[in-house]
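**Q** Quick one, start_22.txt (compact mmCIF, C-alpha atoms):
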# COMPACT_ATOMS: atom_id res chain seq x y z
CA MET A 1 -6.22 15.41 -38.59
CA GLN A 2 -4.46 18.75 -39.02
CA GLN A 3 -0.91 19.45 -37.95
CA THR A 4 -0.63 22.04 -35.20
CA ASP A 5 2.39 23.83 -33.80
CA HIS A 6 0.89 25.72 -30.89
CA LYS A 7 3.49 26.02 -28.14
CA LEU A 8 0.83 25.91 -25.42
CA SER A 9 -1.17 23.04 -26.87
CA PHE A 10 -0.31 20.91 -23.83
CA LEU A 11 -2.21 23.20 -21.44
CA PRO A 12 -5.77 22.01 -22.19
CA ILE A 13 -4.52 18.41 -22.16
CA GLY A 14 -2.83 18.98 -18.80
CA LEU A 15 -5.99 20.54 -17.40
CA MET A 16 -7.98 17.60 -18.72
CA LEU A 17 -5.58 15.21 -16.95
CA PHE A 18 -5.88 17.19 -13.71
CA ALA A 19 -9.68 17.13 -13.92
CA LEU A 20 -9.70 13.39 -14.60
CA PHE A 21 -7.46 12.78 -11.61
CA PHE A 22 -9.24 15.08 -9.21
CA GLY A 23 -12.33 13.34 -7.96
CA ALA A 24 -13.86 11.70 -4.94
CA GLY A 25 -10.77 10.38 -3.16
CA ASN A 26 -8.82 13.56 -3.80
CA LEU A 27 -11.37 15.44 -1.73
CA ILE A 28 -12.05 13.19 1.23
CA PHE A 29 -8.73 11.48 1.93
CA PRO A 30 -6.48 14.57 2.37
CA ALA A 31 -9.08 16.10 4.70
CA SER A 32 -9.33 12.94 6.79
CA MET A 33 -5.55 12.56 6.87
CA GLY A 34 -5.19 16.18 7.96
CA GLN A 35 -7.41 15.62 10.99
CA ALA A 36 -5.61 12.45 12.02
CA ALA A 37 -2.08 13.78 11.41
CA GLY A 38 -2.69 17.01 13.34
CA GLU A 39 0.60 18.71 14.16
CA ASN A 40 2.45 16.29 11.87
CA VAL A 41 0.23 17.07 8.89
CA TRP A 42 3.12 18.45 6.82
CA TRP A 43 5.11 15.24 7.26
CA ALA A 44 2.05 13.20 6.32
CA LEU A 45 1.55 15.42 3.29
CA LEU A 46 5.10 14.69 2.19
CA GLY A 47 4.30 11.00 2.07
CA PHE A 48 0.87 11.58 0.58
CA CYS A 49 2.31 13.64 -2.26
CA ILE A 50 4.84 10.90 -3.06
CA THR A 51 2.09 8.40 -3.93
CA GLY A 52 -0.71 10.88 -4.63
CA VAL A 53 1.20 13.27 -6.91
CA GLY A 54 4.71 12.05 -7.71
CA LEU A 55 3.76 8.49 -8.55
CA PRO A 56 0.83 9.40 -10.83
CA LEU A 57 3.06 11.91 -12.58
CA LEU A 58 5.75 9.27 -13.11
CA ALA A 59 3.15 6.74 -14.26
CA VAL A 60 1.86 9.04 -17.00
CA MET A 61 5.39 9.91 -18.03
CA SER A 62 6.44 6.26 -18.08
CA ILE A 63 3.78 5.29 -20.62
CA GLY A 64 4.78 8.24 -22.79
CA TYR A 65 8.44 7.28 -22.44
CA SER A 66 7.75 3.62 -23.31
CA GLY A 67 6.55 4.45 -26.80
CA LYS A 68 3.47 2.30 -26.24
CA LEU A 69 -0.12 3.44 -26.42
CA ALA A 70 -1.65 1.53 -23.51
CA LEU A 71 -0.95 -0.22 -20.21
CA GLN A 72 -1.51 -3.70 -21.61
CA GLN A 73 1.15 -3.19 -24.27
CA VAL A 74 3.71 -2.15 -21.67
CA ALA A 75 2.77 -4.90 -19.21
CA SER A 76 3.21 -7.45 -22.04
CA ARG A 77 6.92 -6.94 -21.61
CA ILE A 78 6.54 -9.16 -18.54
CA ASP A 79 4.22 -11.73 -20.09
CA PRO A 80 1.12 -11.37 -22.32
CA ARG A 81 -1.00 -13.36 -19.88
CA TYR A 82 0.13 -11.26 -16.93
CA ALA A 83 -0.57 -8.15 -18.99
CA ILE A 84 -4.19 -9.13 -19.47
CA PHE A 85 -4.60 -10.07 -15.80
CA TYR A 86 -3.03 -6.92 -14.36
CA THR A 87 -4.63 -4.56 -16.84
CA VAL A 88 -8.09 -5.97 -16.19
CA VAL A 89 -7.55 -5.70 -12.42
CA CYS A 90 -6.47 -2.07 -12.78
CA TYR A 91 -9.34 -1.11 -15.06
CA MET A 92 -11.94 -2.76 -12.87
CA SER A 93 -10.46 -1.12 -9.76
CA ILE A 94 -10.52 2.39 -11.16
CA GLY A 95 -13.73 1.60 -12.98
CA PRO A 96 -16.99 -0.05 -11.99
CA CYS A 97 -15.73 -2.00 -8.95
CA PHE A 98 -14.40 0.84 -6.79
CA ALA A 99 -13.49 4.27 -8.12
CA VAL A 100 -16.55 4.98 -10.27
CA PRO A 101 -19.10 3.99 -7.60
CA ARG A 102 -17.07 6.05 -5.12
CA THR A 103 -17.47 9.18 -7.22
CA GLY A 104 -21.24 8.86 -6.98
CA THR A 105 -21.41 8.04 -3.29
CA VAL A 106 -19.00 10.82 -2.27
CA SER A 107 -21.04 13.28 -4.33
CA TYR A 108 -24.14 12.13 -2.50
CA GLU A 109 -22.60 12.28 0.99
CA ILE A 110 -21.28 15.82 0.56
CA ALA A 111 -23.49 17.46 -2.03
CA ILE A 112 -26.91 15.94 -1.36
CA ARG A 113 -27.17 14.24 2.04
CA PRO A 114 -26.61 17.40 4.16
CA PHE A 115 -29.69 19.02 2.63
CA LEU A 116 -32.07 16.13 3.33
CA SER A 117 -34.16 15.07 6.28
CA GLU A 118 -33.61 11.64 7.82
CA GLU A 119 -36.75 10.37 6.11
CA ALA A 120 -35.69 11.58 2.67
CA ALA A 121 -32.18 10.19 3.12
CA GLY A 122 -33.65 6.71 3.35
CA TYR A 123 -34.64 6.59 -0.31
CA SER A 124 -32.66 9.40 -1.96
CA LEU A 125 -29.38 7.57 -2.67
CA PRO A 126 -30.78 5.33 -5.47
CA ILE A 127 -32.46 8.33 -7.11
CA PHE A 128 -29.35 10.51 -6.97
CA LEU A 129 -27.04 7.77 -8.23
CA ALA A 130 -29.40 7.10 -11.15
CA ILE A 131 -29.15 10.77 -12.20
CA PHE A 132 -25.40 11.05 -11.53
CA PHE A 133 -24.41 7.94 -13.47
CA GLY A 134 -26.94 8.65 -16.19
CA VAL A 135 -25.30 12.01 -16.91
CA SER A 136 -21.80 10.51 -16.64
CA GLY A 137 -22.64 7.70 -19.04
CA TRP A 138 -24.17 10.10 -21.55
CA LEU A 139 -21.07 12.33 -21.57
CA ALA A 140 -18.72 9.34 -21.72
CA ALA A 141 -20.58 8.05 -24.78
CA SER A 142 -19.05 10.82 -26.93
CA PRO A 143 -15.29 10.72 -26.16
CA ASN A 144 -14.31 12.94 -29.09
CA LYS A 145 -15.62 15.91 -27.10
CA LEU A 146 -13.94 14.87 -23.85
CA VAL A 147 -11.06 17.34 -23.99
CA ASP A 148 -13.34 20.29 -24.80
CA ARG A 149 -15.95 19.48 -22.16
CA ILE A 150 -13.47 18.85 -19.36
CA GLY A 151 -10.59 21.16 -20.25
CA LYS A 152 -12.58 24.20 -21.33
CA TYR A 153 -15.62 24.21 -19.08
CA LEU A 154 -15.62 21.94 -16.06
CA THR A 155 -11.99 22.36 -14.96
CA PRO A 156 -11.97 26.19 -14.71
CA ALA A 157 -15.22 26.08 -12.75
CA LEU A 158 -13.78 23.45 -10.43
CA VAL A 159 -10.55 25.37 -9.82
CA LEU A 160 -12.44 28.62 -9.16
CA THR A 161 -14.64 26.90 -6.58
CA LEU A 162 -11.63 25.41 -4.83
CA VAL A 163 -9.78 28.73 -4.78
CA ILE A 164 -12.71 30.47 -3.07
CA PHE A 165 -12.95 27.69 -0.50
CA ILE A 166 -9.19 27.76 0.22
CA VAL A 167 -8.92 31.55 0.45
CA GLN A 168 -11.65 31.60 3.08
CA SER A 169 -9.71 29.04 5.12
CA PHE A 170 -6.90 31.59 5.42
CA ILE A 171 -9.21 34.51 6.18
CA SER A 172 -11.04 32.61 8.94
CA PRO A 173 -8.96 29.61 10.11
CA LEU A 174 -11.01 26.94 11.86
CA GLY A 175 -8.45 26.42 14.62
CA THR A 176 -5.02 24.95 15.23
CA PRO A 177 -3.78 21.39 14.55
CA GLN A 178 -4.13 18.97 17.45
CA ALA A 179 -1.88 16.15 18.67
CA PRO A 180 -1.47 13.48 15.97
CA ALA A 181 -3.18 10.09 16.08
CA ALA A 182 -1.01 7.00 16.68
CA PRO A 183 -0.19 6.20 13.01
CA TYR A 184 1.16 9.76 12.64
CA ALA A 185 2.75 10.02 16.10
CA THR A 186 6.26 10.84 14.84
CA PRO A 187 7.46 12.56 11.67
CA GLY A 188 8.78 9.25 10.33
CA LYS A 189 5.54 7.40 10.99
CA ALA A 190 3.57 10.29 9.50
CA VAL A 191 5.53 10.12 6.25
CA ILE A 192 5.05 6.35 5.92
CA GLN A 193 1.36 6.53 6.78
CA GLY A 194 0.99 9.40 4.31
CA ILE A 195 2.49 7.18 1.60
CA LEU A 196 -0.10 4.49 2.33
CA ASP A 197 -2.87 7.10 2.52
CA GLY A 198 -1.91 8.23 -0.97
CA TYR A 199 -2.84 4.78 -2.27
CA ASN A 200 -6.48 5.58 -1.56
CA THR A 201 -6.68 8.17 -4.32
CA LEU A 202 -6.10 5.41 -6.92
CA ASP A 203 -4.41 8.09 -9.04
CA ALA A 204 -1.26 6.13 -9.88
CA ILE A 205 -3.36 3.26 -11.22
CA ALA A 206 -5.60 5.71 -13.04
CA ALA A 207 -2.51 7.41 -14.49
CA LEU A 208 -1.49 4.21 -16.27
CA VAL A 209 -4.91 4.29 -17.92
CA PHE A 210 -5.28 8.03 -18.47
CA ALA A 211 -1.90 8.10 -20.21
CA SER A 212 -3.55 6.58 -23.27
CA LEU A 213 -6.10 9.40 -23.30
CA VAL A 214 -3.29 11.92 -23.11
CA ILE A 215 -1.38 10.25 -25.95
CA HIS A 216 -4.49 10.12 -28.13
CA ALA A 217 -5.21 13.78 -27.35
CA VAL A 218 -1.66 14.69 -28.36
CA ASN A 219 -2.04 12.70 -31.59
CA TYR A 220 -5.35 14.47 -32.24
CA LEU A 221 -3.43 17.76 -32.26
CA GLY A 222 -1.34 16.41 -35.12
CA ILE A 223 1.70 15.44 -33.05
CA ILE A 224 2.69 11.88 -33.93
CA GLU A 225 6.51 11.79 -33.84
CA GLN A 226 7.54 9.76 -30.77
CA LYS A 227 9.93 12.25 -29.18
CA ARG A 228 7.41 15.05 -29.49
CA VAL A 229 4.61 12.89 -28.15
CA THR A 230 6.76 11.98 -25.14
CA LEU A 231 7.59 15.65 -24.54
CA GLU A 232 3.94 16.71 -24.72
CA VAL A 233 2.95 13.95 -22.30
CA TYR A 234 5.63 15.15 -19.89
CA LYS A 235 4.35 18.72 -20.18
CA ALA A 236 0.76 17.67 -19.53
CA GLY A 237 1.89 15.75 -16.46
CA PHE A 238 3.74 18.77 -15.11
CA VAL A 239 0.55 20.79 -15.44
CA ALA A 240 -1.63 18.27 -13.60
CA GLY A 241 0.89 17.26 -10.89
CA PRO A 242 1.50 20.64 -9.24
CA LEU A 243 -2.21 21.46 -9.35
CA LEU A 244 -2.95 18.24 -7.49
CA ALA A 245 -0.24 18.98 -4.92
CA VAL A 246 -1.57 22.46 -4.20
CA ILE A 247 -5.11 21.16 -3.70
CA TYR A 248 -3.93 18.35 -1.41
CA ILE A 249 -1.89 20.72 0.72
CA PHE A 250 -4.73 23.12 1.38
CA ILE A 251 -7.43 20.50 1.89
CA ALA A 252 -5.18 18.71 4.40
CA LYS A 253 -4.54 22.04 6.10
CA ILE A 254 -8.28 22.61 6.47
CA GLY A 255 -8.66 19.12 7.89
CA ALA A 256 -5.83 19.61 10.40
CA GLU A 257 -7.32 22.89 11.64
CA SER A 258 -10.90 21.62 11.84
CA VAL A 259 -10.79 19.40 14.93
CA THR A 260 -11.45 22.15 17.48
CA ALA A 261 -14.36 23.45 15.42
CA ILE A 262 -16.16 20.25 14.38
CA GLY A 263 -14.48 17.43 16.30
CA MET A 264 -12.98 14.25 14.86
CA GLN A 265 -14.97 12.79 11.97
CA ASP A 266 -15.06 9.26 10.56
CA THR A 267 -14.38 10.29 6.94
CA GLY A 268 -13.35 13.33 4.98
CA ALA A 269 -16.86 13.98 3.68
CA PRO A 270 -18.33 15.53 6.86
CA ILE A 271 -15.07 17.41 7.45
CA LEU A 272 -15.52 19.30 4.21
CA ALA A 273 -19.26 19.71 4.62
CA GLU A 274 -19.06 21.11 8.15
CA SER A 275 -16.08 23.32 7.29
CA ALA A 276 -17.99 24.85 4.40
CA LYS A 277 -20.93 25.64 6.67
CA ILE A 278 -18.63 27.44 9.11
CA PHE A 279 -16.89 29.37 6.34
CA PHE A 280 -19.95 30.39 4.35
CA GLY A 281 -23.07 29.16 6.15
CA TYR A 282 -25.78 27.66 3.95
CA GLY A 283 -24.10 29.18 0.90
CA GLY A 284 -20.93 27.30 1.83
CA ALA A 285 -22.75 24.00 1.64
CA ILE A 286 -23.95 24.92 -1.85
CA LEU A 287 -20.43 25.95 -2.86
CA LEU A 288 -19.03 22.66 -1.66
CA SER A 289 -21.79 20.80 -3.50
CA ILE A 290 -20.74 22.40 -6.77
CA MET A 291 -17.10 21.58 -6.11
CA VAL A 292 -17.80 17.94 -5.34
CA LEU A 293 -20.17 17.39 -8.23
CA LEU A 294 -17.73 18.88 -10.75
CA ALA A 295 -14.74 16.96 -9.40
CA CYS A 296 -16.53 13.65 -9.18
CA LEU A 297 -18.38 14.03 -12.47
CA THR A 298 -15.22 14.72 -14.48
CA THR A 299 -13.45 11.74 -12.94
CA CYS A 300 -16.43 9.46 -13.48
CA ILE A 301 -16.68 10.40 -17.15
CA GLY A 302 -13.04 9.66 -17.78
CA LEU A 303 -13.08 6.34 -15.97
CA ILE A 304 -16.17 5.03 -17.71
CA SER A 305 -14.76 6.10 -21.08
CA CYS A 306 -11.40 4.42 -20.49
CA CYS A 307 -12.91 1.18 -19.20
CA ALA A 308 -15.39 0.93 -22.08
CA SER A 309 -12.66 1.50 -24.68
CA PHE A 310 -10.37 -1.07 -23.12
CA ILE A 311 -12.90 -3.87 -22.70
CA LYS A 312 -14.27 -3.36 -26.21
CA GLU A 313 -10.76 -3.68 -27.64
CA LEU A 314 -9.88 -6.63 -25.39
CA THR A 315 -12.99 -8.71 -26.04
CA GLY A 316 -13.97 -7.54 -29.51
CA LYS A 317 -17.59 -7.84 -28.43
CA PHE A 318 -20.34 -5.24 -28.27
CA SER A 319 -19.92 -1.59 -29.15
CA TYR A 320 -18.18 1.14 -27.17
CA ILE A 321 -21.53 2.62 -26.20
CA GLY A 322 -22.72 -0.82 -25.16
CA TRP A 323 -19.84 -1.15 -22.70
CA VAL A 324 -20.44 2.40 -21.44
CA ILE A 325 -23.98 1.32 -20.59
CA VAL A 326 -22.77 -1.89 -18.90
CA PHE A 327 -20.23 -0.12 -16.71
CA THR A 328 -22.64 2.67 -15.88
CA VAL A 329 -25.24 0.17 -14.66
CA VAL A 330 -22.68 -1.90 -12.69
CA SER A 331 -21.31 1.24 -11.05
CA TYR A 332 -24.81 2.26 -10.07
CA LEU A 333 -25.53 -1.12 -8.46
CA ILE A 334 -22.26 -1.18 -6.49
CA GLY A 335 -22.81 2.44 -5.45
CA LEU A 336 -25.99 1.36 -3.69
CA PHE A 337 -23.84 -0.35 -1.02
CA GLY A 338 -22.73 3.08 0.19
CA LEU A 339 -19.45 4.95 0.62
CA LYS A 340 -18.17 3.21 3.77
CA THR A 341 -18.48 -0.29 2.30
CA ILE A 342 -16.76 0.77 -0.91
CA ILE A 343 -13.81 2.35 0.92
CA VAL A 344 -13.26 -0.65 3.21
CA SER A 345 -13.46 -3.08 0.28
CA THR A 346 -10.92 -1.09 -1.75
CA ILE A 347 -7.98 -1.15 0.68
CA PRO A 348 -6.89 -4.82 0.29
CA VAL A 349 -6.95 -4.47 -3.50
CA LEU A 350 -4.84 -1.31 -3.32
CA MET A 351 -2.24 -3.07 -1.20
CA PHE A 352 -1.96 -5.63 -4.00
CA ILE A 353 -1.99 -3.52 -7.14
CA TYR A 354 0.08 -0.49 -6.02
CA PRO A 355 3.40 -2.30 -5.48
CA LEU A 356 3.06 -3.87 -8.93
CA CYS A 357 2.34 -0.43 -10.38
CA VAL A 358 5.45 1.12 -8.81
CA ALA A 359 7.64 -1.79 -9.91
CA LEU A 360 6.38 -1.55 -13.48
CA VAL A 361 6.92 2.21 -13.67
CA CYS A 362 10.50 1.82 -12.42
CA LEU A 363 11.21 -0.95 -14.92
CA ILE A 364 9.90 1.17 -17.79
CA PHE A 365 12.36 3.96 -17.00
CA LEU A 366 15.19 1.43 -16.53
CA HIS A 367 14.30 -0.44 -19.74
CA LYS A 368 17.36 0.74 -21.67
CA PHE A 369 19.65 0.15 -18.67
CA PHE A 370 19.07 -3.61 -18.75
CA GLY A 371 18.61 -3.81 -22.50
CA GLY A 372 14.90 -4.59 -22.38
CA ARG A 373 15.50 -8.15 -21.23
CA ARG A 374 12.25 -9.92 -20.31
CA CYS A 375 13.96 -11.88 -17.52
CA VAL A 376 14.57 -8.66 -15.56
CA TYR A 377 10.91 -7.70 -15.91
CA ALA A 378 9.76 -11.18 -14.91
CA TRP A 379 11.99 -11.62 -11.85
CA THR A 380 11.25 -8.14 -10.51
CA ILE A 381 7.49 -8.40 -10.94
CA GLY A 382 7.49 -12.00 -9.69
CA PHE A 383 9.09 -11.10 -6.35
CA THR A 384 6.94 -7.99 -6.04
CA PHE A 385 3.81 -10.01 -6.81
CA VAL A 386 4.43 -12.42 -3.91
CA MET A 387 4.67 -9.69 -1.28
CA ALA A 388 1.91 -7.60 -2.86
CA LEU A 389 -0.44 -10.58 -2.75
CA TYR A 390 0.48 -11.20 0.87
CA ASN A 391 -0.16 -7.55 1.76
CA GLY A 392 -3.57 -7.73 0.12
CA LEU A 393 -4.54 -10.90 1.97
CA GLN A 394 -3.24 -9.53 5.25
CA THR A 395 -5.18 -6.29 4.87
CA ALA A 396 -8.28 -8.32 4.10
CA GLN A 397 -7.70 -10.00 7.49
CA ILE A 398 -7.23 -13.45 6.00
CA ALA A 399 -5.37 -15.60 8.53
CA LEU A 400 -1.89 -16.63 7.36
CA GLY A 401 -0.60 -18.32 10.50
CA GLY A 402 2.65 -17.04 11.97
CA LEU A 403 3.99 -15.86 8.65
CA ASP A 404 3.58 -12.19 9.54
CA ALA A 405 5.94 -12.44 12.52
CA ILE A 406 8.55 -14.18 10.37
CA LEU A 407 8.33 -11.58 7.64
CA ALA A 408 8.45 -8.73 10.17
CA ASN A 409 11.75 -10.10 11.52
CA TRP A 410 13.39 -10.82 8.17
CA ILE A 411 11.95 -8.40 5.61
CA PRO A 412 12.86 -4.72 6.04
CA LEU A 413 9.89 -2.30 6.00
CA HIS A 414 7.38 -5.16 6.21
CA ARG A 415 5.83 -3.89 9.44
CA TYR A 416 5.07 -0.63 7.62
CA GLY A 417 3.34 -2.33 4.69
CA LEU A 418 6.31 -1.64 2.39
CA GLY A 419 8.05 -5.01 2.52
CA TRP A 420 7.56 -5.38 -1.22
CA ILE A 421 10.32 -2.79 -1.84
CA PRO A 422 13.29 -4.96 -0.73
CA LEU A 423 11.75 -7.98 -2.47
CA ALA A 424 11.40 -6.01 -5.71
CA ILE A 425 15.06 -5.00 -5.44
CA VAL A 426 16.08 -8.62 -4.87
CA GLY A 427 14.06 -9.68 -7.91
CA PHE A 428 15.68 -6.95 -10.01
CA VAL A 429 19.18 -8.06 -8.98
CA ILE A 430 18.38 -11.69 -9.76
CA GLY A 431 17.04 -10.56 -13.12
CA LEU A 432 20.32 -8.78 -13.87
CA ILE A 433 22.26 -11.92 -12.90
CA HIS A 434 20.01 -13.99 -15.16
CA LYS A 435 20.66 -11.51 -17.96
CA ALA A 436 24.44 -11.86 -17.52
CA VAL A 437 24.35 -15.67 -17.32
CA VAL A 438 22.00 -16.04 -20.32
CA PRO A 439 23.14 -13.28 -22.71
CA ASN A 440 20.90 -14.35 -25.61
CA GLY A 441 17.58 -14.29 -23.79
CA LYS A 442 14.33 -12.65 -24.91
CA VAL A 443 14.45 -8.90 -25.53
CA VAL A 444 11.19 -6.94 -25.50
CA ASP A 445 10.60 -3.63 -27.24
Will you turn the file into structure tokens for me?
**A**
Amino acid sequence: MQQTDHKLSFLPIGLMLFALFFGAGNLIFPASMGQAAGENVWWALLGFCITGVGLPLLAVMSIGYSGKLALQQVASRIDPRYAIFYTVVCYMSIGPCFAVPRTGTVSYEIAIRPFLSEEAAGYSLPIFLAIFFGVSGWLAASPNKLVDRIGKYLTPALVLTLVIFIVQSFISPLGTPQAPAAPYATPGKAVIQGILDGYNTLDAIAALVFASLVIHAVNYLGIIEQKRVTLEVYKAGFVAGPLLAVIYIFIAKIGAESVTAIGMQDTGAPILAESAKIFFGYGGAILLSIMVLLACLTTCIGLISCCASFIKELTGKFSYIGWVIVFTVVSYLIGLFGLKTIIVSTIPVLMFIYPLCVALVCLIFLHKFFGGRRCVYAWTIGFTFVMALYNGLQTAQIALGGLDAILANWIPLHRYGLGWIPLAIVGFVIGLIHKAVVPNGKVVD
């Protein structure tokens, strides 16, 4: 490893992080939200950017700030057993269970399906997914070239495609925003719903994982001193974050303006596909295909690589390439269920893991404030866990008797799906009291 002192060395790493973030969900969910939010799209975007941009940015920065190299190491501050549990849940969610199969199915729905006849569509998904995941697995099998492949080649092509698409939306607007749907009926509701919509991107969870890639990339440049590593991670995050925000804003704008031209759509995929046809005709569909394939491919590569590295280190079994093959095959099989099934199945899990993610990120930044006492970590996460688990079960439509009515009356924000926030605060306060009463308790680094 050679020492480098390039002042702009963080730029390719930041572009790599942006490309890893920007994938399937980042395309379809802002567009769908834009249609539903209508005239309140800007309020919804405010909420969406909180969890879709701000939280991922903070998550990356928190790992860099912690001085640790991976999510499991940081989560061990709570309890080693919890660290394994939560880290595995996160990796499987952003890996072969949800996010990776979603990259393939979104690519198919936007980039391939519009060009096929009904007969061909009946058997084309398995063929496309085999090619898509085969290429992704092959590129993920050589992680030493990840920064070069993503930062130098795929990201500029992706950004150029998006810029062309966005510019045309200003030259020939599709229409004007319509009245908002019920969840976005008022500015306040739109902000809250936008926050929940931002969960769907999975970027905050992915950020906890991608942070290790960023740290390793910084180390590869010869930067190993902790303060400098932290600074470079911050810089990379501030490259990726604003780029994500800009893309979200304009895709949501296109969605909001599209109703009069193409009508309300079930998902963001047909919104983008039909908008491209109006903007550019047949060539627009091809342009969108390139955009989707690049975005989804880069994300898929990063997720498979991260998951394979983690499981190999956790289990000590099989090789890295062996795990790449396993996750590639599993992702392919789950992808065969189709995009709609994957999206519906993801939501309950998101309602469980996101509150725990936010609580952990906050605790990392407050680590020095409470002296790194494990009791504060444990109480805060414990209270958050209870409500997060309830939210997940409720979203999965598992009957819990009259408990929901009780919680709605007694827990602030519960009716909005954010009842975990006051419980996390209560847990944090109890943790501080525990710290004061037991001054010689366990301190974690």
**Q** My list of candidates is A:Leu125, A:Phe383, A:Cys307, A:Val163. Which is closest to Gly322 in chain A when distances are computed with only C-alpha atoms?
**A**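 Looking only at the distances to Gly322 in chain A, the closest residue turns out to be A:Cys307.
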**Q** Go through A:Met92, A:Leu244, A:Ile195, A:Leu46 one by one, measure the shortest atom-to-atom distance of each to Leu418 in chain A using only C-alpha atoms, and give the residue with the smallest value.
**A** A:Ile195
**Q** Expressed in Å to a single decimal, how great is the separation between CA of Phe238 in chain A and CA of Val361 in chain A?
**A**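 We find that CA of Phe238 in chain A and CA of Val361 in chain A lie 16.9 Å from each other.
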**Q** Take every atom of range 56-68 of chain A listed in the file, fit an axis-aligned box around them, add 6 Å per side, and give the centre and edge lengths in Å to one decimal as AutoDock Vina command-line options.
**A**
--center_x 4.6 --center_y 7.1 --center_z -18.8 --size_x 19.6 --size_y 21.6 --size_z 28.0
**Q** Of the candidates A:Ile278, A:Cys357, A:Val218, A:Ile311, which one gets nearest to Thr51 in chain A if we count all atoms listed in the file?
**A**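 For Thr51 in chain A, the nearest of the given residues is A:Cys357.
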**Q** From the options A:Thr380, A:Ser309, A:Thr161, A:Ser62, which residue's atoms come nearest to Ile78 in chain A, counting all atoms listed in the file?
**A** A:Thr380
**Q** Just the number, please: distance in Å from CA of Phe21 in chain A to CA of Ala157 in chain A, one decimal.
**A**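 Pair CA of Phe21 in chain A / CA of Ala157 in chain A returns 15.4 Å.
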**Q** Could you name the residues that touch Val191 in chain A at 10 Å or less, counting all atoms listed in the file, but leaving out those on the same chain fewer than 3 positions away, as a ChimeraX atom specification?
**A** /A:37,40-50,183-184,186-188,194-197
**Q** With C-alpha atoms retained, write the just-selected residues as a PDB file, keeping the file's coordinate frame.
**A**
ATOM      1  CA  ALA A  37      -2.080  13.780  11.410  1.00  0.00           C
ATOM      2  CA  ASN A  40       2.450  16.290  11.870  1.00  0.00           C
ATOM      3  CA  VAL A  41       0.230  17.070   8.890  1.00  0.00           C
ATOM      4  CA  TRP A  42       3.120  18.450   6.820  1.00  0.00           C
ATOM      5  CA  TRP A  43       5.110  15.240   7.260  1.00  0.00           C
ATOM      6  CA  ALA A  44       2.050  13.200   6.320  1.00  0.00           C
ATOM      7  CA  LEU A  45       1.550  15.420   3.290  1.00  0.00           C
ATOM      8  CA  LEU A  46       5.100  14.690   2.190  1.00  0.00           C
ATOM      9  CA  GLY A  47       4.300  11.000   2.070  1.00  0.00           C
ATOM     10  CA  PHE A  48       0.870  11.580   0.580  1.00  0.00           C
ATOM     11  CA  CYS A  49       2.310  13.640  -2.260  1.00  0.00           C
ATOM     12  CA  ILE A  50       4.840  10.900  -3.060  1.00  0.00           C
ATOM     13  CA  PRO A 183      -0.190   6.200  13.010  1.00  0.00           C
ATOM     14  CA  TYR A 184       1.160   9.760  12.640  1.00  0.00           C
ATOM     15  CA  THR A 186       6.260  10.840  14.840  1.00  0.00           C
ATOM     16  CA  PRO A 187       7.460  12.560  11.670  1.00  0.00           C
ATOM     17  CA  GLY A 188       8.780   9.250  10.330  1.00  0.00           C
ATOM     18  CA  GLY A 194       0.990   9.400   4.310  1.00  0.00           C
ATOM     19  CA  ILE A 195       2.490   7.180   1.600  1.00  0.00           C
ATOM     20  CA  LEU A 196      -0.100   4.490   2.330  1.00  0.00           C
ATOM     21  CA  ASP A 197      -2.870   7.100   2.520  1.00  0.00           C
TER      22      ASP A 197
END
**Q** Grab the CA of Gln226 in chain A to CA of Gly67 in chain A distance for me, in Å with one decimal place.
**A** 6.7 Å
**Q** When distances are computed from all atoms listed in the file, which of A:Ala59, A:Val443, A:Leu27, A:Cys306 shows the smallest separation from Leu288 in chain A?
**A**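 When distances to Leu288 in chain A are compared using all atoms listed in the file, the smallest one comes from A:Leu27.
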**Q** Would you please work out which residue, of A:Val100, A:Ile94, A:Val437, A:Ala276, is nearest to Ile254 in chain A when using only C-alpha atoms?
**A**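 Counting only C-alpha atoms, the residue closest to Ile254 in chain A is A:Ala276.
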